[in-house]
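One structure is given below, encoded as structure tokens.
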Amino acid sequence: RDTVTDRIERIGMKVEYRTPAGMFLWVETGCDTIAMTEKALEQGILIAPGTLFSPNQLPSTRMRVNIAAMSDEAVWTFLENEMHLRDNA
């Protein structure tokens with residue numbers, strides 16, 4: 001859990017709550033997670049935009065991260081590229 005949290009923050013996202021246990025993290029990405037999700041799906045990667053967990057379903061820059069899914073290096077590569085694009089926009 002700590003390894004995933006640290007790596008998420010190194011690529012430029014902010015983990016909103018550091019808890020000692022649990023299988024999910026809430027992450028502030030600084031960009032539209034609906035658009036990010038669509039791009040990820042094109043590459044065969046499934047991520048969860050914060051909108052899915054909001055009662056009003058409004059666009060969000062937050063994302064729920066499943067810690068177990070973060071063992072896939074393709075997910076990390078995708079997120080790193082997205083953060084690079086965000087920072088250079």
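Residues are referred to by chain and number: the chain letter is A, B, ... according to the order shown in the structure tokens, the number counts from 1 in that chain, and ligands are numbered separately from 1 in the order shown.
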Residues of segment 41-65 of chain A within 12 Å of segment 2-14 of chain A: nearest atom pair and distance (Å, one decimal) for each, counting only C-alpha atoms, sorted by chain and number, as CSV?
residue,atom,partner,partner_atom,distance
A:Thr61,CA,A:Met13,CA,10.3
A:Arg62,CA,A:Lys14,CA,9.4
A:Met63,CA,A:Met13,CA,9.9
A:Arg64,CA,A:Lys14,CA,11.7
A:Val65,CA,A:Val4,CA,9.6
Would you give me, as a PDB file with all heavy atoms, in the first residue's frame, the residues in chain A that DSSP reads as alpha helix (DSSP H)?
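Dumped to result.pdb:
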ATOM      1  N   ASP A   2       1.876   1.286   0.864  1.00  0.00           N
ATOM      2  CA  ASP A   2       2.749   2.459   0.915  1.00  0.00           C
ATOM      3  C   ASP A   2       3.533   2.639  -0.377  1.00  0.00           C
ATOM      4  O   ASP A   2       3.725   3.759  -0.833  1.00  0.00           O
ATOM      5  CB  ASP A   2       3.719   2.354   2.096  1.00  0.00           C
ATOM      6  CG  ASP A   2       3.013   2.535   3.434  1.00  0.00           C
ATOM      7  OD1 ASP A   2       1.927   3.146   3.470  1.00  0.00           O
ATOM      8  OD2 ASP A   2       3.556   2.052   4.442  1.00  0.00           O
ATOM      9  N   THR A   3       3.951   1.532  -0.972  1.00  0.00           N
ATOM     10  CA  THR A   3       4.700   1.598  -2.228  1.00  0.00           C
ATOM     11  C   THR A   3       3.852   2.220  -3.331  1.00  0.00           C
ATOM     12  O   THR A   3       4.314   3.089  -4.073  1.00  0.00           O
ATOM     13  CB  THR A   3       5.166   0.185  -2.648  1.00  0.00           C
ATOM     14  OG1 THR A   3       5.962  -0.356  -1.601  1.00  0.00           O
ATOM     15  CG2 THR A   3       5.963   0.227  -3.928  1.00  0.00           C
ATOM     16  N   VAL A   4       2.591   1.795  -3.432  1.00  0.00           N
ATOM     17  CA  VAL A   4       1.676   2.344  -4.443  1.00  0.00           C
ATOM     18  C   VAL A   4       1.418   3.815  -4.159  1.00  0.00           C
ATOM     19  O   VAL A   4       1.467   4.657  -5.061  1.00  0.00           O
ATOM     20  CB  VAL A   4       0.362   1.535  -4.489  1.00  0.00           C
ATOM     21  CG1 VAL A   4      -0.684   2.238  -5.344  1.00  0.00           C
ATOM     22  CG2 VAL A   4       0.619   0.131  -5.013  1.00  0.00           C
ATOM     23  N   THR A   5       1.137   4.145  -2.909  1.00  0.00           N
ATOM     24  CA  THR A   5       0.869   5.532  -2.540  1.00  0.00           C
ATOM     25  C   THR A   5       2.050   6.431  -2.890  1.00  0.00           C
ATOM     26  O   THR A   5       1.879   7.493  -3.498  1.00  0.00           O
ATOM     27  CB  THR A   5       0.562   5.625  -1.027  1.00  0.00           C
ATOM     28  OG1 THR A   5      -0.570   4.809  -0.738  1.00  0.00           O
ATOM     29  CG2 THR A   5       0.269   7.049  -0.610  1.00  0.00           C
ATOM     30  N   ASP A   6       3.241   6.009  -2.537  1.00  0.00           N
ATOM     31  CA  ASP A   6       4.434   6.808  -2.833  1.00  0.00           C
ATOM     32  C   ASP A   6       4.640   6.979  -4.330  1.00  0.00           C
ATOM     33  O   ASP A   6       4.963   8.071  -4.799  1.00  0.00           O
ATOM     34  CB  ASP A   6       5.676   6.162  -2.213  1.00  0.00           C
ATOM     35  CG  ASP A   6       5.671   6.210  -0.691  1.00  0.00           C
ATOM     36  OD1 ASP A   6       4.888   6.990  -0.101  1.00  0.00           O
ATOM     37  OD2 ASP A   6       6.444   5.431  -0.082  1.00  0.00           O
ATOM     38  N   ARG A   7       4.433   5.920  -5.080  1.00  0.00           N
ATOM     39  CA  ARG A   7       4.646   6.008  -6.534  1.00  0.00           C
ATOM     40  C   ARG A   7       3.604   6.910  -7.184  1.00  0.00           C
ATOM     41  O   ARG A   7       3.937   7.678  -8.089  1.00  0.00           O
ATOM     42  CB  ARG A   7       4.620   4.603  -7.155  1.00  0.00           C
ATOM     43  CG  ARG A   7       5.070   4.604  -8.595  1.00  0.00           C
ATOM     44  CD  ARG A   7       5.316   3.225  -9.102  1.00  0.00           C
ATOM     45  NE  ARG A   7       5.687   3.260 -10.512  1.00  0.00           N
ATOM     46  CZ  ARG A   7       5.842   2.189 -11.269  1.00  0.00           C
ATOM     47  NH1 ARG A   7       5.706   0.980 -10.737  1.00  0.00           N
ATOM     48  NH2 ARG A   7       6.170   2.302 -12.541  1.00  0.00           N
ATOM     49  N   ILE A   8       2.374   6.837  -6.730  1.00  0.00           N
ATOM     50  CA  ILE A   8       1.324   7.723  -7.257  1.00  0.00           C
ATOM     51  C   ILE A   8       1.719   9.178  -7.045  1.00  0.00           C
ATOM     52  O   ILE A   8       1.572  10.013  -7.947  1.00  0.00           O
ATOM     53  CB  ILE A   8      -0.034   7.409  -6.598  1.00  0.00           C
ATOM     54  CG1 ILE A   8      -0.611   6.131  -7.211  1.00  0.00           C
ATOM     55  CG2 ILE A   8      -1.010   8.571  -6.760  1.00  0.00           C
ATOM     56  CD1 ILE A   8      -1.855   5.617  -6.524  1.00  0.00           C
ATOM     57  N   GLU A   9       2.218   9.479  -5.871  1.00  0.00           N
ATOM     58  CA  GLU A   9       2.599  10.858  -5.590  1.00  0.00           C
ATOM     59  C   GLU A   9       3.838  11.279  -6.377  1.00  0.00           C
ATOM     60  O   GLU A   9       3.936  12.431  -6.795  1.00  0.00           O
ATOM     61  CB  GLU A   9       2.777  11.049  -4.085  1.00  0.00           C
ATOM     62  CG  GLU A   9       1.425  10.961  -3.392  1.00  0.00           C
ATOM     63  CD  GLU A   9       1.460  11.265  -1.910  1.00  0.00           C
ATOM     64  OE1 GLU A   9       2.505  11.049  -1.265  1.00  0.00           O
ATOM     65  OE2 GLU A   9       0.404  11.701  -1.405  1.00  0.00           O
ATOM     66  N   ARG A  10       4.750  10.352  -6.628  1.00  0.00           N
ATOM     67  CA  ARG A  10       5.945  10.680  -7.426  1.00  0.00           C
ATOM     68  C   ARG A  10       5.590  11.047  -8.859  1.00  0.00           C
ATOM     69  O   ARG A  10       6.307  11.840  -9.479  1.00  0.00           O
ATOM     70  CB  ARG A  10       6.937   9.520  -7.418  1.00  0.00           C
ATOM     71  CG  ARG A  10       7.854   9.534  -6.217  1.00  0.00           C
ATOM     72  CD  ARG A  10       9.066   8.619  -6.409  1.00  0.00           C
ATOM     73  NE  ARG A  10       8.743   7.273  -6.855  1.00  0.00           N
ATOM     74  CZ  ARG A  10       8.429   6.266  -6.056  1.00  0.00           C
ATOM     75  NH1 ARG A  10       8.353   6.443  -4.752  1.00  0.00           N
ATOM     76  NH2 ARG A  10       8.178   5.066  -6.543  1.00  0.00           N
ATOM     77  N   THR A  33     -11.026  12.984 -15.122  1.00  0.00           N
ATOM     78  CA  THR A  33     -10.835  11.538 -15.074  1.00  0.00           C
ATOM     79  C   THR A  33     -11.787  10.783 -16.005  1.00  0.00           C
ATOM     80  O   THR A  33     -11.526   9.622 -16.313  1.00  0.00           O
ATOM     81  CB  THR A  33     -10.953  11.003 -13.640  1.00  0.00           C
ATOM     82  OG1 THR A  33     -12.197  11.401 -13.073  1.00  0.00           O
ATOM     83  CG2 THR A  33      -9.805  11.502 -12.789  1.00  0.00           C
ATOM     84  N   ILE A  34     -12.844  11.428 -16.465  1.00  0.00           N
ATOM     85  CA  ILE A  34     -13.694  10.771 -17.467  1.00  0.00           C
ATOM     86  C   ILE A  34     -12.925  10.654 -18.777  1.00  0.00           C
ATOM     87  O   ILE A  34     -12.877   9.591 -19.397  1.00  0.00           O
ATOM     88  CB  ILE A  34     -15.023  11.521 -17.663  1.00  0.00           C
ATOM     89  CG1 ILE A  34     -15.868  11.431 -16.390  1.00  0.00           C
ATOM     90  CG2 ILE A  34     -15.800  10.953 -18.844  1.00  0.00           C
ATOM     91  CD1 ILE A  34     -17.121  12.275 -16.409  1.00  0.00           C
ATOM     92  N   ALA A  35     -12.301  11.749 -19.188  1.00  0.00           N
ATOM     93  CA  ALA A  35     -11.493  11.720 -20.417  1.00  0.00           C
ATOM     94  C   ALA A  35     -10.328  10.749 -20.263  1.00  0.00           C
ATOM     95  O   ALA A  35     -10.007   9.995 -21.196  1.00  0.00           O
ATOM     96  CB  ALA A  35     -10.977  13.122 -20.739  1.00  0.00           C
ATOM     97  N   MET A  36      -9.719  10.734 -19.075  1.00  0.00           N
ATOM     98  CA  MET A  36      -8.610   9.820 -18.831  1.00  0.00           C
ATOM     99  C   MET A  36      -9.083   8.368 -18.938  1.00  0.00           C
ATOM    100  O   MET A  36      -8.389   7.523 -19.519  1.00  0.00           O
ATOM    101  CB  MET A  36      -8.010  10.075 -17.447  1.00  0.00           C
ATOM    102  CG  MET A  36      -6.773   9.246 -17.170  1.00  0.00           C
ATOM    103  SD  MET A  36      -6.183   9.365 -15.470  1.00  0.00           S
ATOM    104  CE  MET A  36      -5.734  11.074 -15.360  1.00  0.00           C
ATOM    105  N   THR A  37     -10.248   8.081 -18.392  1.00  0.00           N
ATOM    106  CA  THR A  37     -10.804   6.725 -18.442  1.00  0.00           C
ATOM    107  C   THR A  37     -11.034   6.277 -19.881  1.00  0.00           C
ATOM    108  O   THR A  37     -10.737   5.138 -20.238  1.00  0.00           O
ATOM    109  CB  THR A  37     -12.116   6.659 -17.642  1.00  0.00           C
ATOM    110  OG1 THR A  37     -11.840   6.981 -16.281  1.00  0.00           O
ATOM    111  CG2 THR A  37     -12.749   5.288 -17.713  1.00  0.00           C
ATOM    112  N   GLU A  38     -11.566   7.170 -20.702  1.00  0.00           N
ATOM    113  CA  GLU A  38     -11.809   6.834 -22.106  1.00  0.00           C
ATOM    114  C   GLU A  38     -10.506   6.509 -22.831  1.00  0.00           C
ATOM    115  O   GLU A  38     -10.427   5.551 -23.596  1.00  0.00           O
ATOM    116  CB  GLU A  38     -12.555   7.980 -22.791  1.00  0.00           C
ATOM    117  CG  GLU A  38     -13.984   8.123 -22.284  1.00  0.00           C
ATOM    118  CD  GLU A  38     -14.670   9.396 -22.738  1.00  0.00           C
ATOM    119  OE1 GLU A  38     -14.037  10.247 -23.411  1.00  0.00           O
ATOM    120  OE2 GLU A  38     -15.866   9.539 -22.410  1.00  0.00           O
ATOM    121  N   LYS A  39      -9.465   7.298 -22.582  1.00  0.00           N
ATOM    122  CA  LYS A  39      -8.155   7.030 -23.191  1.00  0.00           C
ATOM    123  C   LYS A  39      -7.587   5.709 -22.696  1.00  0.00           C
ATOM    124  O   LYS A  39      -7.000   4.946 -23.467  1.00  0.00           O
ATOM    125  CB  LYS A  39      -7.191   8.172 -22.898  1.00  0.00           C
ATOM    126  CG  LYS A  39      -7.505   9.440 -23.656  1.00  0.00           C
ATOM    127  CD  LYS A  39      -6.637  10.594 -23.224  1.00  0.00           C
ATOM    128  CE  LYS A  39      -5.227  10.473 -23.730  1.00  0.00           C
ATOM    129  NZ  LYS A  39      -4.428  11.694 -23.442  1.00  0.00           N
ATOM    130  N   ALA A  40      -7.760   5.441 -21.409  1.00  0.00           N
ATOM    131  CA  ALA A  40      -7.258   4.187 -20.842  1.00  0.00           C
ATOM    132  C   ALA A  40      -7.947   2.986 -21.484  1.00  0.00           C
ATOM    133  O   ALA A  40      -7.296   1.991 -21.822  1.00  0.00           O
ATOM    134  CB  ALA A  40      -7.465   4.175 -19.328  1.00  0.00           C
ATOM    135  N   LEU A  41      -9.274   3.075 -21.654  1.00  0.00           N
ATOM    136  CA  LEU A  41     -10.016   1.961 -22.271  1.00  0.00           C
ATOM    137  C   LEU A  41      -9.531   1.658 -23.677  1.00  0.00           C
ATOM    138  O   LEU A  41      -9.490   0.501 -24.079  1.00  0.00           O
ATOM    139  CB  LEU A  41     -11.515   2.266 -22.277  1.00  0.00           C
ATOM    140  CG  LEU A  41     -12.228   2.065 -20.954  1.00  0.00           C
ATOM    141  CD1 LEU A  41     -13.676   2.549 -21.049  1.00  0.00           C
ATOM    142  CD2 LEU A  41     -12.179   0.616 -20.507  1.00  0.00           C
ATOM    143  N   GLU A  42      -9.149   2.698 -24.417  1.00  0.00           N
ATOM    144  CA  GLU A  42      -8.612   2.499 -25.770  1.00  0.00           C
ATOM    145  C   GLU A  42      -7.344   1.651 -25.741  1.00  0.00           C
ATOM    146  O   GLU A  42      -7.002   1.002 -26.718  1.00  0.00           O
ATOM    147  CB  GLU A  42      -8.320   3.848 -26.429  1.00  0.00           C
ATOM    148  CG  GLU A  42      -9.566   4.634 -26.771  1.00  0.00           C
ATOM    149  CD  GLU A  42      -9.248   6.043 -27.252  1.00  0.00           C
ATOM    150  OE1 GLU A  42      -8.046   6.403 -27.376  1.00  0.00           O
ATOM    151  OE2 GLU A  42     -10.207   6.796 -27.476  1.00  0.00           O
ATOM    152  N   GLU A  73       2.269  -3.006 -14.830  1.00  0.00           N
ATOM    153  CA  GLU A  73       3.152  -1.921 -15.255  1.00  0.00           C
ATOM    154  C   GLU A  73       2.526  -1.071 -16.361  1.00  0.00           C
ATOM    155  O   GLU A  73       2.835   0.122 -16.486  1.00  0.00           O
ATOM    156  CB  GLU A  73       4.501  -2.485 -15.692  1.00  0.00           C
ATOM    157  CG  GLU A  73       5.648  -1.537 -15.575  1.00  0.00           C
ATOM    158  CD  GLU A  73       5.845  -0.895 -14.208  1.00  0.00           C
ATOM    159  OE1 GLU A  73       5.731  -1.563 -13.167  1.00  0.00           O
ATOM    160  OE2 GLU A  73       6.132   0.328 -14.192  1.00  0.00           O
ATOM    161  N   ALA A  74       1.615  -1.641 -17.152  1.00  0.00           N
ATOM    162  CA  ALA A  74       0.941  -0.877 -18.207  1.00  0.00           C
ATOM    163  C   ALA A  74       0.085   0.239 -17.608  1.00  0.00           C
ATOM    164  O   ALA A  74      -0.022   1.325 -18.188  1.00  0.00           O
ATOM    165  CB  ALA A  74       0.082  -1.801 -19.071  1.00  0.00           C
ATOM    166  N   VAL A  75      -0.509  -0.006 -16.457  1.00  0.00           N
ATOM    167  CA  VAL A  75      -1.305   1.024 -15.777  1.00  0.00           C
ATOM    168  C   VAL A  75      -0.392   2.173 -15.359  1.00  0.00           C
ATOM    169  O   VAL A  75      -0.712   3.347 -15.568  1.00  0.00           O
ATOM    170  CB  VAL A  75      -2.053   0.440 -14.560  1.00  0.00           C
ATOM    171  CG1 VAL A  75      -2.763   1.536 -13.787  1.00  0.00           C
ATOM    172  CG2 VAL A  75      -3.029  -0.638 -14.987  1.00  0.00           C
ATOM    173  N   TRP A  76       0.752   1.844 -14.796  1.00  0.00           N
ATOM    174  CA  TRP A  76       1.699   2.885 -14.380  1.00  0.00           C
ATOM    175  C   TRP A  76       2.191   3.696 -15.573  1.00  0.00           C
ATOM    176  O   TRP A  76       2.269   4.926 -15.504  1.00  0.00           O
ATOM    177  CB  TRP A  76       2.886   2.263 -13.654  1.00  0.00           C
ATOM    178  CG  TRP A  76       2.538   1.841 -12.274  1.00  0.00           C
ATOM    179  CD1 TRP A  76       2.420   0.554 -11.815  1.00  0.00           C
ATOM    180  CD2 TRP A  76       2.240   2.682 -11.162  1.00  0.00           C
ATOM    181  NE1 TRP A  76       2.069   0.560 -10.492  1.00  0.00           N
ATOM    182  CE2 TRP A  76       1.954   1.852 -10.057  1.00  0.00           C
ATOM    183  CE3 TRP A  76       2.184   4.060 -10.987  1.00  0.00           C
ATOM    184  CZ2 TRP A  76       1.629   2.358  -8.808  1.00  0.00           C
ATOM    185  CZ3 TRP A  76       1.866   4.567  -9.740  1.00  0.00           C
ATOM    186  CH2 TRP A  76       1.591   3.721  -8.671  1.00  0.00           C
ATOM    187  N   THR A  77       2.521   3.019 -16.652  1.00  0.00           N
ATOM    188  CA  THR A  77       2.995   3.721 -17.845  1.00  0.00           C
ATOM    189  C   THR A  77       1.930   4.681 -18.355  1.00  0.00           C
ATOM    190  O   THR A  77       2.220   5.832 -18.684  1.00  0.00           O
ATOM    191  CB  THR A  77       3.390   2.709 -18.940  1.00  0.00           C
ATOM    192  OG1 THR A  77       4.440   1.883 -18.427  1.00  0.00           O
ATOM    193  CG2 THR A  77       3.838   3.399 -20.208  1.00  0.00           C
ATOM    194  N   PHE A  78       0.692   4.209 -18.396  1.00  0.00           N
ATOM    195  CA  PHE A  78      -0.407   5.070 -18.839  1.00  0.00           C
ATOM    196  C   PHE A  78      -0.536   6.296 -17.937  1.00  0.00           C
ATOM    197  O   PHE A  78      -0.614   7.426 -18.420  1.00  0.00           O
ATOM    198  CB  PHE A  78      -1.729   4.287 -18.863  1.00  0.00           C
ATOM    199  CG  PHE A  78      -2.903   5.172 -19.153  1.00  0.00           C
ATOM    200  CD1 PHE A  78      -3.184   5.564 -20.444  1.00  0.00           C
ATOM    201  CD2 PHE A  78      -3.712   5.645 -18.129  1.00  0.00           C
ATOM    202  CE1 PHE A  78      -4.243   6.416 -20.718  1.00  0.00           C
ATOM    203  CE2 PHE A  78      -4.765   6.481 -18.376  1.00  0.00           C
ATOM    204  CZ  PHE A  78      -5.040   6.872 -19.678  1.00  0.00           C
ATOM    205  N   LEU A  79      -0.582   6.087 -16.625  1.00  0.00           N
ATOM    206  CA  LEU A  79      -0.753   7.203 -15.693  1.00  0.00           C
ATOM    207  C   LEU A  79       0.419   8.176 -15.753  1.00  0.00           C
ATOM    208  O   LEU A  79       0.226   9.399 -15.723  1.00  0.00           O
ATOM    209  CB  LEU A  79      -0.942   6.677 -14.271  1.00  0.00           C
ATOM    210  CG  LEU A  79      -2.245   5.925 -14.017  1.00  0.00           C
ATOM    211  CD1 LEU A  79      -2.254   5.339 -12.610  1.00  0.00           C
ATOM    212  CD2 LEU A  79      -3.467   6.815 -14.240  1.00  0.00           C
ATOM    213  N   GLU A  80       1.622   7.658 -15.869  1.00  0.00           N
ATOM    214  CA  GLU A  80       2.793   8.533 -15.995  1.00  0.00           C
ATOM    215  C   GLU A  80       2.699   9.390 -17.249  1.00  0.00           C
ATOM    216  O   GLU A  80       2.985  10.593 -17.210  1.00  0.00           O
ATOM    217  CB  GLU A  80       4.070   7.698 -15.999  1.00  0.00           C
ATOM    218  CG  GLU A  80       4.383   7.105 -14.647  1.00  0.00           C
ATOM    219  CD  GLU A  80       5.434   6.010 -14.692  1.00  0.00           C
ATOM    220  OE1 GLU A  80       5.900   5.620 -15.785  1.00  0.00           O
ATOM    221  OE2 GLU A  80       5.787   5.520 -13.590  1.00  0.00           O
ATOM    222  N   ASN A  81       2.286   8.788 -18.357  1.00  0.00           N
ATOM    223  CA  ASN A  81       2.124   9.551 -19.598  1.00  0.00           C
ATOM    224  C   ASN A  81       1.042  10.611 -19.468  1.00  0.00           C
ATOM    225  O   ASN A  81       1.203  11.735 -19.951  1.00  0.00           O
ATOM    226  CB  ASN A  81       1.815   8.611 -20.764  1.00  0.00           C
ATOM    227  CG  ASN A  81       3.001   7.772 -21.157  1.00  0.00           C
ATOM    228  OD1 ASN A  81       4.148   8.102 -20.870  1.00  0.00           O
ATOM    229  ND2 ASN A  81       2.731   6.640 -21.803  1.00  0.00           N
ATOM    230  N   GLU A  82      -0.061  10.274 -18.817  1.00  0.00           N
ATOM    231  CA  GLU A  82      -1.147  11.236 -18.629  1.00  0.00           C
ATOM    232  C   GLU A  82      -0.706  12.417 -17.767  1.00  0.00           C
ATOM    233  O   GLU A  82      -1.045  13.563 -18.051  1.00  0.00           O
ATOM    234  CB  GLU A  82      -2.368  10.566 -18.008  1.00  0.00           C
ATOM    235  CG  GLU A  82      -3.129   9.687 -18.971  1.00  0.00           C
ATOM    236  CD  GLU A  82      -3.640  10.468 -20.183  1.00  0.00           C
ATOM    237  OE1 GLU A  82      -4.430  11.406 -19.987  1.00  0.00           O
ATOM    238  OE2 GLU A  82      -3.250  10.117 -21.305  1.00  0.00           O
ATOM    239  N   MET A  83       0.042  12.144 -16.735  1.00  0.00           N
ATOM    240  CA  MET A  83       0.520  13.224 -15.875  1.00  0.00           C
ATOM    241  C   MET A  83       1.534  14.097 -16.603  1.00  0.00           C
ATOM    242  O   MET A  83       1.556  15.307 -16.436  1.00  0.00           O
ATOM    243  CB  MET A  83       1.118  12.672 -14.572  1.00  0.00           C
ATOM    244  CG  MET A  83       0.099  12.013 -13.652  1.00  0.00           C
ATOM    245  SD  MET A  83      -1.271  13.111 -13.141  1.00  0.00           S
ATOM    246  CE  MET A  83      -2.549  12.692 -14.330  1.00  0.00           C
ATOM    247  N   HIS A  84       2.347  13.490 -17.458  1.00  0.00           N
ATOM    248  CA  HIS A  84       3.287  14.250 -18.274  1.00  0.00           C
ATOM    249  C   HIS A  84       2.522  15.173 -19.231  1.00  0.00           C
ATOM    250  O   HIS A  84       2.861  16.350 -19.367  1.00  0.00           O
ATOM    251  CB  HIS A  84       4.211  13.299 -19.037  1.00  0.00           C
ATOM    252  CG  HIS A  84       5.186  14.009 -19.909  1.00  0.00           C
ATOM    253  ND1 HIS A  84       6.307  14.639 -19.414  1.00  0.00           N
ATOM    254  CD2 HIS A  84       5.211  14.198 -21.255  1.00  0.00           C
ATOM    255  CE1 HIS A  84       6.965  15.194 -20.403  1.00  0.00           C
ATOM    256  NE2 HIS A  84       6.323  14.937 -21.525  1.00  0.00           N
ATOM    257  N   LEU A  85       1.480  14.634 -19.871  1.00  0.00           N
ATOM    258  CA  LEU A  85       0.672  15.453 -20.784  1.00  0.00           C
ATOM    259  C   LEU A  85      -0.011  16.591 -20.015  1.00  0.00           C
ATOM    260  O   LEU A  85      -0.077  17.717 -20.502  1.00  0.00           O
ATOM    261  CB  LEU A  85      -0.378  14.588 -21.475  1.00  0.00           C
ATOM    262  CG  LEU A  85       0.143  13.599 -22.514  1.00  0.00           C
ATOM    263  CD1 LEU A  85      -0.969  12.668 -22.973  1.00  0.00           C
ATOM    264  CD2 LEU A  85       0.752  14.339 -23.687  1.00  0.00           C
ATOM    265  N   ARG A  86      -0.536  16.290 -18.828  1.00  0.00           N
ATOM    266  CA  ARG A  86      -1.190  17.315 -18.011  1.00  0.00           C
ATOM    267  C   ARG A  86      -0.216  18.435 -17.664  1.00  0.00           C
ATOM    268  O   ARG A  86      -0.530  19.616 -17.781  1.00  0.00           O
ATOM    269  CB  ARG A  86      -1.715  16.680 -16.717  1.00  0.00           C
ATOM    270  CG  ARG A  86      -2.371  17.686 -15.762  1.00  0.00           C
ATOM    271  CD  ARG A  86      -2.419  17.178 -14.345  1.00  0.00           C
ATOM    272  NE  ARG A  86      -1.068  17.139 -13.777  1.00  0.00           N
ATOM    273  CZ  ARG A  86      -0.775  16.662 -12.595  1.00  0.00           C
ATOM    274  NH1 ARG A  86      -1.724  16.126 -11.845  1.00  0.00           N
ATOM    275  NH2 ARG A  86       0.456  16.666 -12.146  1.00  0.00           N
ATOM    276  N   ASP A  87       0.994  18.064 -17.284  1.00  0.00           N
ATOM    277  CA  ASP A  87       1.978  19.050 -16.852  1.00  0.00           C
ATOM    278  C   ASP A  87       2.519  19.883 -18.005  1.00  0.00           C
ATOM    279  O   ASP A  87       3.034  20.982 -17.789  1.00  0.00           O
ATOM    280  CB  ASP A  87       3.136  18.361 -16.128  1.00  0.00           C
ATOM    281  CG  ASP A  87       2.699  17.764 -14.800  1.00  0.00           C
ATOM    282  OD1 ASP A  87       1.620  18.147 -14.293  1.00  0.00           O
ATOM    283  OD2 ASP A  87       3.430  16.902 -14.282  1.00  0.00           O
TER     284      ASP A  87
END
Open item on the list: as a VMD selection string, please: the residues near Gly22 of chain A (cut-off 10 Å, only C-alpha atoms, same-chain neighbours under 4 positions excluded).
Closed with: chain A and resid 1 66 to 67
Selection export as a PDB file, in the first residue's frame, atoms kept: all heavy atoms:
ATOM      1  N   ARG A   1       0.826  -1.193   0.000  1.00  0.00           N
ATOM      2  CA  ARG A   1       0.000   0.000   0.000  1.00  0.00           C
ATOM      3  C   ARG A   1       0.871   1.258   0.000  1.00  0.00           C
ATOM      4  O   ARG A   1       0.624   2.175  -0.758  1.00  0.00           O
ATOM      5  CB  ARG A   1      -0.920  -0.046   1.205  1.00  0.00           C
ATOM      6  CG  ARG A   1      -1.827   1.128   1.295  1.00  0.00           C
ATOM      7  CD  ARG A   1      -2.810   0.972   2.430  1.00  0.00           C
ATOM      8  NE  ARG A   1      -3.683   2.090   2.480  1.00  0.00           N
ATOM      9  CZ  ARG A   1      -4.756   2.234   1.751  1.00  0.00           C
ATOM     10  NH1 ARG A   1      -5.125   1.299   0.922  1.00  0.00           N
ATOM     11  NH2 ARG A   1      -5.501   3.298   1.848  1.00  0.00           N
ATOM     12  N   ASN A  66      -7.583   1.081  -7.275  1.00  0.00           N
ATOM     13  CA  ASN A  66      -7.573  -0.240  -6.659  1.00  0.00           C
ATOM     14  C   ASN A  66      -6.113  -0.658  -6.507  1.00  0.00           C
ATOM     15  O   ASN A  66      -5.407  -0.851  -7.488  1.00  0.00           O
ATOM     16  CB  ASN A  66      -8.329  -1.224  -7.556  1.00  0.00           C
ATOM     17  CG  ASN A  66      -8.367  -2.623  -6.996  1.00  0.00           C
ATOM     18  OD1 ASN A  66      -7.486  -3.040  -6.258  1.00  0.00           O
ATOM     19  ND2 ASN A  66      -9.392  -3.348  -7.367  1.00  0.00           N
ATOM     20  N   ILE A  67      -5.672  -0.778  -5.279  1.00  0.00           N
ATOM     21  CA  ILE A  67      -4.263  -1.075  -5.010  1.00  0.00           C
ATOM     22  C   ILE A  67      -3.809  -2.362  -5.703  1.00  0.00           C
ATOM     23  O   ILE A  67      -2.720  -2.419  -6.246  1.00  0.00           O
ATOM     24  CB  ILE A  67      -4.028  -1.172  -3.487  1.00  0.00           C
ATOM     25  CG1 ILE A  67      -4.437   0.140  -2.870  1.00  0.00           C
ATOM     26  CG2 ILE A  67      -2.625  -1.620  -3.167  1.00  0.00           C
ATOM     27  CD1 ILE A  67      -3.565   0.810  -1.952  1.00  0.00           C
TER      28      ILE A  67
END
